[in-house]
$ cat work29.csv   # CSV, N, CA and C atoms
chain,number,residue,atom,x,y,z
A,1,MET,N,49.8,183.0,84.1
A,1,MET,CA,50.2,184.3,83.7
A,1,MET,C,51.0,184.2,82.4
A,2,VAL,N,51.1,185.3,81.7
A,2,VAL,CA,51.6,185.3,80.3
A,2,VAL,C,53.1,185.5,80.4
A,3,GLU,N,53.8,185.1,79.3
A,3,GLU,CA,55.2,185.3,79.2
A,3,GLU,C,55.5,186.8,79.0
A,4,ARG,N,56.6,187.2,79.5
A,4,ARG,CA,57.0,188.7,79.4
A,4,ARG,C,57.0,189.2,78.0
A,5,ALA,N,57.4,188.4,77.0
A,5,ALA,CA,57.5,188.9,75.6
A,5,ALA,C,56.0,189.1,75.1
A,6,GLU,N,55.1,188.3,75.6
A,6,GLU,CA,53.7,188.6,75.2
A,6,GLU,C,53.1,189.8,75.8
A,7,LEU,N,53.6,190.1,77.0
A,7,LEU,CA,53.2,191.3,77.7
A,7,LEU,C,53.7,192.6,77.0
A,8,VAL,N,54.9,192.5,76.5
A,8,VAL,CA,55.5,193.6,75.8
A,8,VAL,C,54.7,193.8,74.5
A,9,ASP,N,54.4,192.8,73.8
A,9,ASP,CA,53.6,192.9,72.6
A,9,ASP,C,52.2,193.6,72.9
A,10,ALA,N,51.6,193.1,74.0
A,10,ALA,CA,50.3,193.6,74.4
A,10,ALA,C,50.3,195.1,74.7
A,11,ILE,N,51.3,195.6,75.5
A,11,ILE,CA,51.3,197.0,75.9
A,11,ILE,C,51.8,197.9,74.9
A,12,ALA,N,52.5,197.3,73.9
A,12,ALA,CA,53.0,198.2,72.8
A,12,ALA,C,51.9,198.8,72.0
A,13,SER,N,50.7,198.2,72.0
A,13,SER,CA,49.5,198.8,71.3
A,13,SER,C,48.7,199.8,72.2
A,14,PHE,N,49.1,199.9,73.4
A,14,PHE,CA,48.4,200.8,74.3
A,14,PHE,C,48.8,202.3,74.1
A,15,ALA,N,47.9,203.2,74.0
A,15,ALA,CA,48.2,204.6,73.8
A,15,ALA,C,49.1,205.1,74.9
A,16,LEU,N,48.9,204.7,76.1
A,16,LEU,CA,49.8,205.2,77.2
A,16,LEU,C,51.3,204.9,77.0
A,17,PHE,N,51.6,203.8,76.3
A,17,PHE,CA,53.0,203.5,76.1
A,17,PHE,C,53.4,203.6,74.6
A,18,GLY,N,52.6,204.3,73.8
A,18,GLY,CA,52.8,204.4,72.4
A,18,GLY,C,54.1,205.1,72.0
A,19,ASP,N,54.7,205.9,72.8
A,19,ASP,CA,56.0,206.5,72.4
A,19,ASP,C,57.2,205.8,72.9
A,20,LEU,N,57.1,204.6,73.5
A,20,LEU,CA,58.2,204.0,74.1
A,20,LEU,C,58.9,203.0,73.1
A,21,THR,N,60.2,202.8,73.3
A,21,THR,CA,60.9,201.8,72.5
A,21,THR,C,60.7,200.4,73.0
A,22,GLY,N,61.1,199.4,72.3
A,22,GLY,CA,61.1,198.0,72.7
A,22,GLY,C,61.8,197.8,74.0
A,23,PRO,N,63.0,198.2,74.2
A,23,PRO,CA,63.7,198.1,75.5
A,23,PRO,C,63.0,198.8,76.6
A,24,GLN,N,62.4,199.9,76.4
A,24,GLN,CA,61.6,200.6,77.4
A,24,GLN,C,60.4,199.8,77.8
A,25,LEU,N,59.7,199.2,76.8
A,25,LEU,CA,58.5,198.4,77.1
A,25,LEU,C,58.9,197.2,77.9
A,26,GLU,N,60.1,196.6,77.6
A,26,GLU,CA,60.5,195.4,78.3
A,26,GLU,C,60.8,195.8,79.8
A,27,GLY,N,61.4,197.0,80.0
A,27,GLY,CA,61.6,197.5,81.3
A,27,GLY,C,60.4,197.6,82.1
A,28,ILE,N,59.3,198.1,81.5
A,28,ILE,CA,58.0,198.3,82.1
A,28,ILE,C,57.4,196.9,82.6
A,29,VAL,N,57.5,195.9,81.7
A,29,VAL,CA,56.9,194.6,82.1
A,29,VAL,C,57.7,194.0,83.2
A,30,HIS,N,59.0,194.4,83.4
A,30,HIS,CA,59.8,193.8,84.5
A,30,HIS,C,59.5,194.6,85.8
A,31,LEU,N,59.2,195.9,85.6
A,31,LEU,CA,58.9,196.7,86.8
A,31,LEU,C,57.5,196.5,87.4
A,32,PHE,N,56.5,196.3,86.5
A,32,PHE,CA,55.2,196.1,86.9
A,32,PHE,C,54.9,194.6,87.3
A,33,GLU,N,53.9,194.4,88.1
A,33,GLU,CA,53.5,193.0,88.5
A,33,GLU,C,52.2,192.7,87.8
A,34,GLU,N,52.0,191.5,87.3
A,34,GLU,CA,50.7,191.1,86.7
A,34,GLU,C,49.8,190.7,87.8
A,35,THR,N,48.6,191.1,87.8
A,35,THR,CA,47.6,190.7,88.8
A,35,THR,C,46.2,190.5,88.2
A,36,VAL,N,45.5,189.6,88.7
A,36,VAL,CA,44.2,189.2,88.2
A,36,VAL,C,43.1,189.4,89.3
A,37,PHE,N,42.0,189.9,88.9
A,37,PHE,CA,40.8,190.1,89.8
A,37,PHE,C,39.6,189.4,89.2
A,38,SER,N,38.8,188.8,90.1
A,38,SER,CA,37.6,188.1,89.7
A,38,SER,C,36.5,189.1,89.5
A,39,GLU,N,35.5,188.7,88.8
A,39,GLU,CA,34.3,189.5,88.6
A,39,GLU,C,33.7,189.9,90.0
A,40,GLY,N,33.5,191.2,90.2
A,40,GLY,CA,32.9,191.6,91.5
A,40,GLY,C,34.0,192.1,92.5
A,41,ASP,N,35.2,191.8,92.2
A,41,ASP,CA,36.3,192.3,93.1
A,41,ASP,C,36.4,193.8,93.1
A,42,LYS,N,36.6,194.4,94.2
A,42,LYS,CA,36.9,195.8,94.3
A,42,LYS,C,38.4,196.0,94.3
A,43,VAL,N,38.9,196.6,93.2
A,43,VAL,CA,40.3,196.8,93.1
A,43,VAL,C,40.7,198.0,93.9
A,44,LEU,N,40.0,199.1,93.8
A,44,LEU,CA,40.2,200.3,94.6
A,44,LEU,C,38.9,200.5,95.4
A,45,ARG,N,39.0,201.0,96.6
A,45,ARG,CA,37.8,201.3,97.4
A,45,ARG,C,37.7,202.8,97.7
A,46,GLN,N,36.6,203.3,97.5
A,46,GLN,CA,36.3,204.7,97.7
A,46,GLN,C,36.6,205.0,99.2
A,47,GLY,N,37.4,206.1,99.5
A,47,GLY,CA,37.6,206.5,100.8
A,47,GLY,C,38.8,205.8,101.5
A,48,LEU,N,39.3,204.7,100.9
A,48,LEU,CA,40.5,204.0,101.5
A,48,LEU,C,41.7,204.4,100.7
A,49,THR,N,42.9,204.2,101.2
A,49,THR,CA,44.1,204.6,100.6
A,49,THR,C,44.4,203.8,99.3
A,50,GLY,N,44.7,204.6,98.2
A,50,GLY,CA,45.1,204.0,97.0
A,50,GLY,C,46.6,203.7,97.1
A,51,SER,N,46.9,202.5,96.7
A,51,SER,CA,48.3,202.1,96.9
A,51,SER,C,49.0,201.6,95.7
A,52,ALA,N,48.3,201.7,94.5
A,52,ALA,CA,49.0,201.2,93.3
A,52,ALA,C,48.4,201.9,92.0
A,53,PHE,N,49.1,201.8,91.0
A,53,PHE,CA,48.7,202.2,89.6
A,53,PHE,C,48.5,201.0,88.8
A,54,TYR,N,47.3,200.9,88.1
A,54,TYR,CA,46.9,199.8,87.3
A,54,TYR,C,46.7,200.1,85.9
A,55,VAL,N,47.2,199.2,85.0
A,55,VAL,CA,46.9,199.3,83.6
A,55,VAL,C,46.2,198.0,83.2
A,56,ILE,N,45.1,198.1,82.5
A,56,ILE,CA,44.2,197.0,82.2
A,56,ILE,C,44.8,196.3,81.0
A,57,LEU,N,45.1,195.0,81.1
A,57,LEU,CA,45.5,194.1,80.0
A,57,LEU,C,44.3,193.5,79.3
A,58,ASP,N,43.4,193.0,80.1
A,58,ASP,CA,42.2,192.3,79.6
A,58,ASP,C,41.1,192.5,80.6
A,59,GLY,N,39.8,192.5,80.1
A,59,GLY,CA,38.7,192.6,81.0
A,59,GLY,C,38.1,194.0,81.1
A,60,GLU,N,37.3,194.2,82.1
A,60,GLU,CA,36.6,195.5,82.2
A,60,GLU,C,36.4,195.8,83.6
A,61,ALA,N,36.4,197.1,84.0
A,61,ALA,CA,36.1,197.6,85.3
A,61,ALA,C,35.1,198.7,85.3
A,62,ALA,N,34.3,198.8,86.3
A,62,ALA,CA,33.4,199.9,86.5
A,62,ALA,C,34.0,200.9,87.5
A,63,VAL,N,33.8,202.2,87.2
A,63,VAL,CA,34.2,203.2,88.2
A,63,VAL,C,32.9,203.6,88.9
A,64,VAL,N,32.8,203.4,90.2
A,64,VAL,CA,31.5,203.6,90.9
A,64,VAL,C,31.8,204.7,92.0
A,65,VAL,N,31.0,205.8,92.0
A,65,VAL,CA,31.1,206.8,93.0
A,65,VAL,C,29.8,206.8,93.8
A,66,ASP,N,29.9,206.6,95.1
A,66,ASP,CA,28.7,206.6,96.0
A,66,ASP,C,27.6,205.7,95.5
A,67,GLY,N,28.0,204.6,95.0
A,67,GLY,CA,27.1,203.6,94.5
A,67,GLY,C,26.5,203.8,93.1
A,68,THR,N,27.0,204.8,92.4
A,68,THR,CA,26.5,205.1,91.0
A,68,THR,C,27.7,204.9,90.1
A,69,GLU,N,27.4,204.1,89.1
A,69,GLU,CA,28.5,203.8,88.1
A,69,GLU,C,28.6,205.1,87.2
A,70,ARG,N,29.9,205.5,87.1
A,70,ARG,CA,30.2,206.7,86.3
A,70,ARG,C,31.0,206.5,85.0
A,71,ALA,N,31.7,205.3,85.0
A,71,ALA,CA,32.4,205.0,83.8
A,71,ALA,C,32.8,203.5,83.7
A,72,ARG,N,33.2,203.1,82.5
A,72,ARG,CA,33.7,201.8,82.3
A,72,ARG,C,35.1,201.9,81.8
A,73,LEU,N,36.0,201.1,82.2
A,73,LEU,CA,37.4,201.1,81.8
A,73,LEU,C,37.7,199.7,81.2
A,74,GLY,N,38.5,199.7,80.1
A,74,GLY,CA,38.8,198.5,79.4
A,74,GLY,C,40.3,198.4,79.0
A,75,ARG,N,40.6,197.5,78.2
A,75,ARG,CA,42.0,197.2,77.7
A,75,ARG,C,42.7,198.5,77.3
A,76,GLY,N,43.9,198.6,77.9
A,76,GLY,CA,44.7,199.7,77.6
A,76,GLY,C,44.5,201.0,78.5
A,77,GLU,N,43.4,201.0,79.3
A,77,GLU,CA,43.1,202.1,80.1
A,77,GLU,C,43.8,201.9,81.5
A,78,PHE,N,43.8,202.9,82.3
A,78,PHE,CA,44.5,202.8,83.6
A,78,PHE,C,43.7,203.5,84.7
A,79,PHE,N,44.1,203.2,85.9
A,79,PHE,CA,43.5,203.9,87.1
A,79,PHE,C,44.4,203.8,88.3
A,80,GLY,N,44.1,204.6,89.3
A,80,GLY,CA,44.8,204.6,90.5
A,80,GLY,C,45.8,205.7,90.6
A,81,GLU,N,46.1,206.3,89.5
A,81,GLU,CA,47.2,207.3,89.5
A,81,GLU,C,46.8,208.6,90.3
A,82,VAL,N,45.6,209.0,90.3
A,82,VAL,CA,45.2,210.2,91.0
A,82,VAL,C,45.5,210.1,92.5
A,83,SER,N,45.1,209.0,93.1
A,83,SER,CA,45.3,208.8,94.5
A,83,SER,C,46.8,208.8,94.8
A,84,LEU,N,47.6,208.2,94.0
A,84,LEU,CA,49.0,208.2,94.2
A,84,LEU,C,49.6,209.6,94.1
A,85,MET,N,49.2,210.3,93.0
A,85,MET,CA,49.8,211.6,92.8
A,85,MET,C,49.4,212.6,93.9
A,86,LEU,N,48.2,212.5,94.4
A,86,LEU,CA,47.7,213.4,95.4
A,86,LEU,C,47.9,212.9,96.9
A,87,SER,N,48.4,211.7,97.0
A,87,SER,CA,48.5,211.0,98.3
A,87,SER,C,47.1,211.1,99.1
A,88,GLU,N,46.1,210.9,98.4
A,88,GLU,CA,44.7,210.9,98.9
A,88,GLU,C,44.0,209.6,98.6
A,89,SER,N,42.9,209.4,99.4
A,89,SER,CA,42.1,208.2,99.2
A,89,SER,C,41.4,208.3,97.8
A,90,PRO,N,41.1,207.2,97.2
A,90,PRO,CA,40.3,207.2,96.0
A,90,PRO,C,38.9,207.8,96.2
A,91,ILE,N,38.4,208.5,95.2
A,91,ILE,CA,37.1,209.1,95.3
A,91,ILE,C,36.0,208.1,94.7
A,92,ALA,N,36.5,206.9,94.2
A,92,ALA,CA,35.6,206.0,93.6
A,92,ALA,C,36.0,204.6,93.9
A,93,ASP,N,35.1,203.6,93.8
A,93,ASP,CA,35.4,202.2,93.8
A,93,ASP,C,35.7,201.9,92.3
A,94,VAL,N,36.7,201.0,92.1
A,94,VAL,CA,36.9,200.4,90.8
A,94,VAL,C,36.6,198.9,91.0
A,95,VAL,N,35.6,198.5,90.3
A,95,VAL,CA,35.1,197.1,90.5
A,95,VAL,C,35.3,196.3,89.2
A,96,ALA,N,35.8,195.1,89.2
A,96,ALA,CA,35.9,194.2,88.1
A,96,ALA,C,34.5,193.8,87.7
A,97,THR,N,34.1,194.1,86.4
A,97,THR,CA,32.8,193.7,86.0
A,97,THR,C,32.8,192.3,85.3
A,98,ARG,N,34.0,191.8,85.0
A,98,ARG,CA,34.3,190.5,84.6
A,98,ARG,C,35.8,190.2,85.0
A,99,SER,N,36.3,189.1,84.7
A,99,SER,CA,37.7,188.8,85.1
A,99,SER,C,38.6,190.0,84.5
A,100,LEU,N,39.4,190.5,85.4
A,100,LEU,CA,40.2,191.7,85.1
A,100,LEU,C,41.7,191.3,85.3
A,101,ARG,N,42.5,191.5,84.2
A,101,ARG,CA,43.9,191.2,84.3
A,101,ARG,C,44.6,192.6,84.1
A,102,CYS,N,45.5,192.9,85.0
A,102,CYS,CA,46.2,194.2,85.0
A,102,CYS,C,47.7,194.1,85.2
A,103,LEU,N,48.4,195.1,84.8
A,103,LEU,CA,49.7,195.3,85.3
A,103,LEU,C,49.6,196.3,86.4
A,104,MET,N,50.3,196.0,87.5
A,104,MET,CA,50.2,196.9,88.7
A,104,MET,C,51.6,197.4,89.1
A,105,LEU,N,51.7,198.7,89.4
A,105,LEU,CA,52.9,199.3,89.9
A,105,LEU,C,52.6,199.8,91.3
A,106,ALA,N,53.4,199.3,92.3
A,106,ALA,CA,53.2,199.7,93.7
A,106,ALA,C,53.4,201.2,93.8
A,107,GLY,N,52.7,201.8,94.7
A,107,GLY,CA,52.7,203.3,94.9
A,107,GLY,C,54.1,203.9,95.1
A,108,PRO,N,55.0,203.3,95.9
A,108,PRO,CA,56.3,203.9,96.1
A,108,PRO,C,57.1,204.0,94.8
A,109,ALA,N,56.9,203.2,93.8
A,109,ALA,CA,57.7,203.3,92.6
A,109,ALA,C,57.0,204.2,91.5
A,110,PHE,N,55.9,204.7,91.8
A,110,PHE,CA,55.1,205.4,90.8
A,110,PHE,C,55.8,206.7,90.4
A,111,GLU,N,56.2,207.5,91.3
A,111,GLU,CA,56.8,208.8,90.9
A,111,GLU,C,58.1,208.6,90.1
A,112,SER,N,58.9,207.8,90.6
A,112,SER,CA,60.2,207.5,89.8
A,112,SER,C,59.9,207.0,88.4
A,113,PHE,N,58.9,206.1,88.3
A,113,PHE,CA,58.5,205.6,87.0
A,113,PHE,C,58.1,206.8,86.1
A,114,LEU,N,57.3,207.7,86.6
A,114,LEU,CA,56.8,208.8,85.7
A,114,LEU,C,58.0,209.7,85.3
A,115,VAL,N,58.9,210.0,86.3
A,115,VAL,CA,60.0,210.9,86.0
A,115,VAL,C,60.9,210.2,85.0
A,116,ALA,N,61.1,208.9,85.0
A,116,ALA,CA,61.9,208.2,84.1
A,116,ALA,C,61.3,208.1,82.7
A,117,HIS,N,60.0,208.2,82.6
A,117,HIS,CA,59.2,208.1,81.4
A,117,HIS,C,58.3,209.3,81.1
A,118,PRO,N,58.9,210.4,80.8
A,118,PRO,CA,58.1,211.6,80.6
A,118,PRO,C,57.0,211.5,79.5
A,119,ARG,N,57.2,210.7,78.5
A,119,ARG,CA,56.2,210.6,77.5
A,119,ARG,C,55.0,209.8,78.0
A,120,VAL,N,55.2,208.9,78.9
A,120,VAL,CA,54.1,208.2,79.6
A,120,VAL,C,53.3,209.2,80.5
A,121,MET,N,54.1,210.1,81.2
A,121,MET,CA,53.5,211.1,82.0
A,121,MET,C,52.6,212.0,81.1
A,122,TYR,N,53.1,212.4,80.0
A,122,TYR,CA,52.4,213.3,79.1
A,122,TYR,C,51.1,212.6,78.6
A,123,ARG,N,51.2,211.3,78.2
A,123,ARG,CA,50.0,210.6,77.7
A,123,ARG,C,49.0,210.5,78.9
A,124,MET,N,49.5,210.3,80.1
A,124,MET,CA,48.6,210.2,81.2
A,124,MET,C,47.9,211.5,81.4
A,125,LEU,N,48.6,212.6,81.3
A,125,LEU,CA,48.0,214.0,81.4
A,125,LEU,C,46.9,214.2,80.4
A,126,GLN,N,47.2,213.7,79.1
A,126,GLN,CA,46.2,213.8,78.1
A,126,GLN,C,44.9,213.1,78.5
A,127,ALA,N,45.1,211.9,79.0
A,127,ALA,CA,43.9,211.1,79.4
A,127,ALA,C,43.2,211.7,80.5
A,128,GLN,N,43.9,212.3,81.4
A,128,GLN,CA,43.2,213.0,82.5
A,128,GLN,C,42.4,214.2,82.0
A,129,ALA,N,43.0,214.9,81.0
A,129,ALA,CA,42.3,216.1,80.5
A,129,ALA,C,41.0,215.6,79.8
A,130,ARG,N,41.1,214.5,79.1
A,130,ARG,CA,39.8,213.9,78.5
A,130,ARG,C,38.8,213.5,79.5
A,131,ARG,N,39.3,212.9,80.6
A,131,ARG,CA,38.3,212.5,81.7
A,131,ARG,C,37.7,213.7,82.3
A,132,LEU,N,38.5,214.8,82.5
A,132,LEU,CA,38.0,216.0,83.1
A,132,LEU,C,36.9,216.7,82.2
A,133,ARG,N,37.2,216.7,80.9
A,133,ARG,CA,36.3,217.2,79.9
A,133,ARG,C,35.0,216.4,79.9
A,134,ALA,N,35.1,215.1,80.0
A,134,ALA,CA,33.9,214.3,80.0
A,134,ALA,C,33.1,214.5,81.3
A,135,ALA,N,33.8,214.6,82.4
A,135,ALA,CA,33.1,214.9,83.7
A,135,ALA,C,32.4,216.2,83.6
A,136,ASN,N,33.0,217.2,83.0
A,136,ASN,CA,32.3,218.5,82.9
A,136,ASN,C,31.1,218.5,82.0
A,137,ARG,N,31.2,217.7,81.0
A,137,ARG,CA,30.0,217.5,80.1
A,137,ARG,C,28.9,216.8,80.8
A,138,TRP,N,29.3,215.8,81.6
A,138,TRP,CA,28.3,215.1,82.4
A,138,TRP,C,27.5,215.9,83.3
A,139,ARG,N,28.2,216.9,83.9
A,139,ARG,CA,27.6,217.8,84.9
A,139,ARG,C,26.7,218.8,84.3
A,140,SER,N,27.0,219.2,83.0
A,140,SER,CA,26.2,220.2,82.4
A,140,SER,C,24.8,219.7,82.0

$ encode --input "work29.csv" --output "structure tokens"
Amino acid sequence: MVERAELVDAIASFALFGDLTGPQLEGIVHLFEETVFSEGDKVLRQGLTGSAFYVILDGEAAVVVDGTERARLGRGEFFGEVSLMLSESPIADVVATRSLRCLMLAGPAFESFLVAHPRVMYRMLQAQARRLRAANRWRS
């Protein structure tokens, strides 16, 4: 695993954390846990309880709904938030397409994290709006 200072440098370039100060970024890397998944691992499983929020540090993941790939996620992107916010099961599998390294925040800490970091919450809302727009275009 990487030193905390290197993690701070890595996430400083992510749009999700773009409005945060150095000390705030340091707080995030102490709050989140680094985790690694091998190619083919299912990080989230469709229909099962989502229990964490993930931010991709390195690697790539596929979003798969009912066996059909709908999207690819890479460095700086995130997933798992919708299940946590709605307290519902994921509507997709998220599968590592190659080695995937993430920062993970356990579900019970998610709401307090967002409340403490409203700019992150706003950036997350922007990303959700983009995803919704893309999904609507896909359906048309």

$ residues_around --input "work29.csv" --residues "Asp19 in chain A" --least-positions-apart "6" --cutoff "8 Å" --atoms "all atoms listed in the file" --output "list in words"
Ala12, Arg119 and Val120 of chain A

$ closest_residue --input "work29.csv" --among "A:Ala5, A:Ser13, A:Val29, A:Thr49" --to "Ser89 in chain A" --atoms "only N, CA and C atoms"
A:Thr49

$ atom_distance --input "work29.csv" --atom1 "CA of Met85 in chain A" --atom2 "atom C of Glu111 in chain A"
9.2 Å

$ atom_distance --input "work29.csv" --atom1 "atom C of Ala62 in chain A" --atom2 "atom C of Leu20 in chain A"
28.8 Å

$ closest_residue --input "work29.csv" --among "A:Leu100, A:Ile28, A:Val94, A:Ala71" --to "Leu44 in chain A" --atoms "only N, CA and C atoms"
A:Val94

$ closest_residue --input "work29.csv" --among "A:Asp41, A:Asp93, A:Glu77, A:Glu6" --to "Arg131 in chain A" --atoms "only C-alpha atoms"
A:Glu77

$ select_by_dssp --input "work29.csv" --residues "range 52-112 of chain A" --states "strand (DSSP E)" --output "ChimeraX atom specification"
/A:52-58,61-65,68-73,78-79,93-96,100-106

$ select_by_dssp --input "work29.csv" --residues "range 11-112 of chain A" --states "alpha helix (DSSP H)" --output "NGL selection string"
:A and (11-12 or 22-31 or 81-86 or 107-112)

$ atom_distance --input "work29.csv" --atom1 "atom C of Arg123 in chain A" --atom2 "CA of Met104 in chain A"
16.8 Å

$ residues_around --input "work29.csv" --residues "Glu33 in chain A" --least-positions-apart "6" --cutoff "6 Å" --atoms "all atoms listed in the file" --output "list of chain:residue names"
A:Cys102, A:Leu103, A:Met104, A:Leu105

$ residues_around --input "work29.csv" --residues "Leu73 in chain A" --least-positions-apart "2" --cutoff "9 Å" --atoms "only C-alpha atoms" --output "ChimeraX atom specification"
/A:56,59-63,71,75-79

$ write_last_selection --input "work29.csv" --atoms "N, CA and C atoms" --output "PDB file, in the frame of the given file"
ATOM      1  N   ILE A  56      45.100 198.100  82.500  1.00  0.00           N
ATOM      2  CA  ILE A  56      44.200 197.000  82.200  1.00  0.00           C
ATOM      3  C   ILE A  56      44.800 196.300  81.000  1.00  0.00           C
ATOM      4  N   GLY A  59      39.800 192.500  80.100  1.00  0.00           N
ATOM      5  CA  GLY A  59      38.700 192.600  81.000  1.00  0.00           C
ATOM      6  C   GLY A  59      38.100 194.000  81.100  1.00  0.00           C
ATOM      7  N   GLU A  60      37.300 194.200  82.100  1.00  0.00           N
ATOM      8  CA  GLU A  60      36.600 195.500  82.200  1.00  0.00           C
ATOM      9  C   GLU A  60      36.400 195.800  83.600  1.00  0.00           C
ATOM     10  N   ALA A  61      36.400 197.100  84.000  1.00  0.00           N
ATOM     11  CA  ALA A  61      36.100 197.600  85.300  1.00  0.00           C
ATOM     12  C   ALA A  61      35.100 198.700  85.300  1.00  0.00           C
ATOM     13  N   ALA A  62      34.300 198.800  86.300  1.00  0.00           N
ATOM     14  CA  ALA A  62      33.400 199.900  86.500  1.00  0.00           C
ATOM     15  C   ALA A  62      34.000 200.900  87.500  1.00  0.00           C
ATOM     16  N   VAL A  63      33.800 202.200  87.200  1.00  0.00           N
ATOM     17  CA  VAL A  63      34.200 203.200  88.200  1.00  0.00           C
ATOM     18  C   VAL A  63      32.900 203.600  88.900  1.00  0.00           C
ATOM     19  N   ALA A  71      31.700 205.300  85.000  1.00  0.00           N
ATOM     20  CA  ALA A  71      32.400 205.000  83.800  1.00  0.00           C
ATOM     21  C   ALA A  71      32.800 203.500  83.700  1.00  0.00           C
ATOM     22  N   ARG A  75      40.600 197.500  78.200  1.00  0.00           N
ATOM     23  CA  ARG A  75      42.000 197.200  77.700  1.00  0.00           C
ATOM     24  C   ARG A  75      42.700 198.500  77.300  1.00  0.00           C
ATOM     25  N   GLY A  76      43.900 198.600  77.900  1.00  0.00           N
ATOM     26  CA  GLY A  76      44.700 199.700  77.600  1.00  0.00           C
ATOM     27  C   GLY A  76      44.500 201.000  78.500  1.00  0.00           C
ATOM     28  N   GLU A  77      43.400 201.000  79.300  1.00  0.00           N
ATOM     29  CA  GLU A  77      43.100 202.100  80.100  1.00  0.00           C
ATOM     30  C   GLU A  77      43.800 201.900  81.500  1.00  0.00           C
ATOM     31  N   PHE A  78      43.800 202.900  82.300  1.00  0.00           N
ATOM     32  CA  PHE A  78      44.500 202.800  83.600  1.00  0.00           C
ATOM     33  C   PHE A  78      43.700 203.500  84.700  1.00  0.00           C
ATOM     34  N   PHE A  79      44.100 203.200  85.900  1.00  0.00           N
ATOM     35  CA  PHE A  79      43.500 203.900  87.100  1.00  0.00           C
ATOM     36  C   PHE A  79      44.400 203.800  88.300  1.00  0.00           C
TER      37      PHE A  79
END

$ residues_around --input "work29.csv" --residues "Tyr122 in chain A" --least-positions-apart "6" --cutoff "8 Å" --atoms "only N, CA and C atoms" --output "PyMOL selection string"
chain A and resi 16+114+128

$ write_last_selection --input "work29.csv" --atoms "N, CA and C atoms" --output "mmCIF file, in the frame of the given file"
data_model
loop_
_atom_site.group_PDB
_atom_site.id
_atom_site.type_symbol
_atom_site.label_atom_id
_atom_site.label_comp_id
_atom_site.auth_asym_id
_atom_site.auth_seq_id
_atom_site.Cartn_x
_atom_site.Cartn_y
_atom_site.Cartn_z
ATOM 1 N N LEU A 16 48.900 204.700 76.100
ATOM 2 C CA LEU A 16 49.800 205.200 77.200
ATOM 3 C C LEU A 16 51.300 204.900 77.000
ATOM 4 N N LEU A 114 57.300 207.700 86.600
ATOM 5 C CA LEU A 114 56.800 208.800 85.700
ATOM 6 C C LEU A 114 58.000 209.700 85.300
ATOM 7 N N GLN A 128 43.900 212.300 81.400
ATOM 8 C CA GLN A 128 43.200 213.000 82.500
ATOM 9 C C GLN A 128 42.400 214.200 82.000
#

$ closest_residue --input "work29.csv" --among "A:Leu48, A:Leu7, A:Ala106, A:Val55" --to "Pro90 in chain A" --atoms "all atoms listed in the file"
A:Leu48

$ closest_residue --input "work29.csv" --among "A:Val64, A:Pro23, A:Phe110, A:Arg70" --to "Leu84 in chain A" --atoms "all atoms listed in the file"
A:Phe110

$ closest_residue --input "work29.csv" --among "A:Glu39, A:Asp66, A:Glu81, A:Asp58" --to "Ala96 in chain A" --atoms "only C-alpha atoms"
A:Glu39

$ axis_aligned_box --input "work29.csv" --around "range 119-128 of chain A" --padding-each-side "3 Å" --output "JSON"
{"center_x": 49.8, "center_y": 211.2, "center_z": 80.0, "size_x": 20.8, "size_y": 12.0, "size_z": 11.0}

$ residues_near_point --input "work29.csv" --point "(48.6, 199.0, 95.7)" --cutoff "6.5 Å" --atoms "only N, CA and C atoms" --output "ChimeraX atom specification"
/A:50-53,105-107

$ residues_near_point --input "work29.csv" --point "(60.3, 193.3, 78.0)" --cutoff "6 Å" --atoms "only C-alpha atoms" --output "list in words"
Arg4, Ala5, Val8, Leu25, Glu26, Gly27 and Val29 of chain A
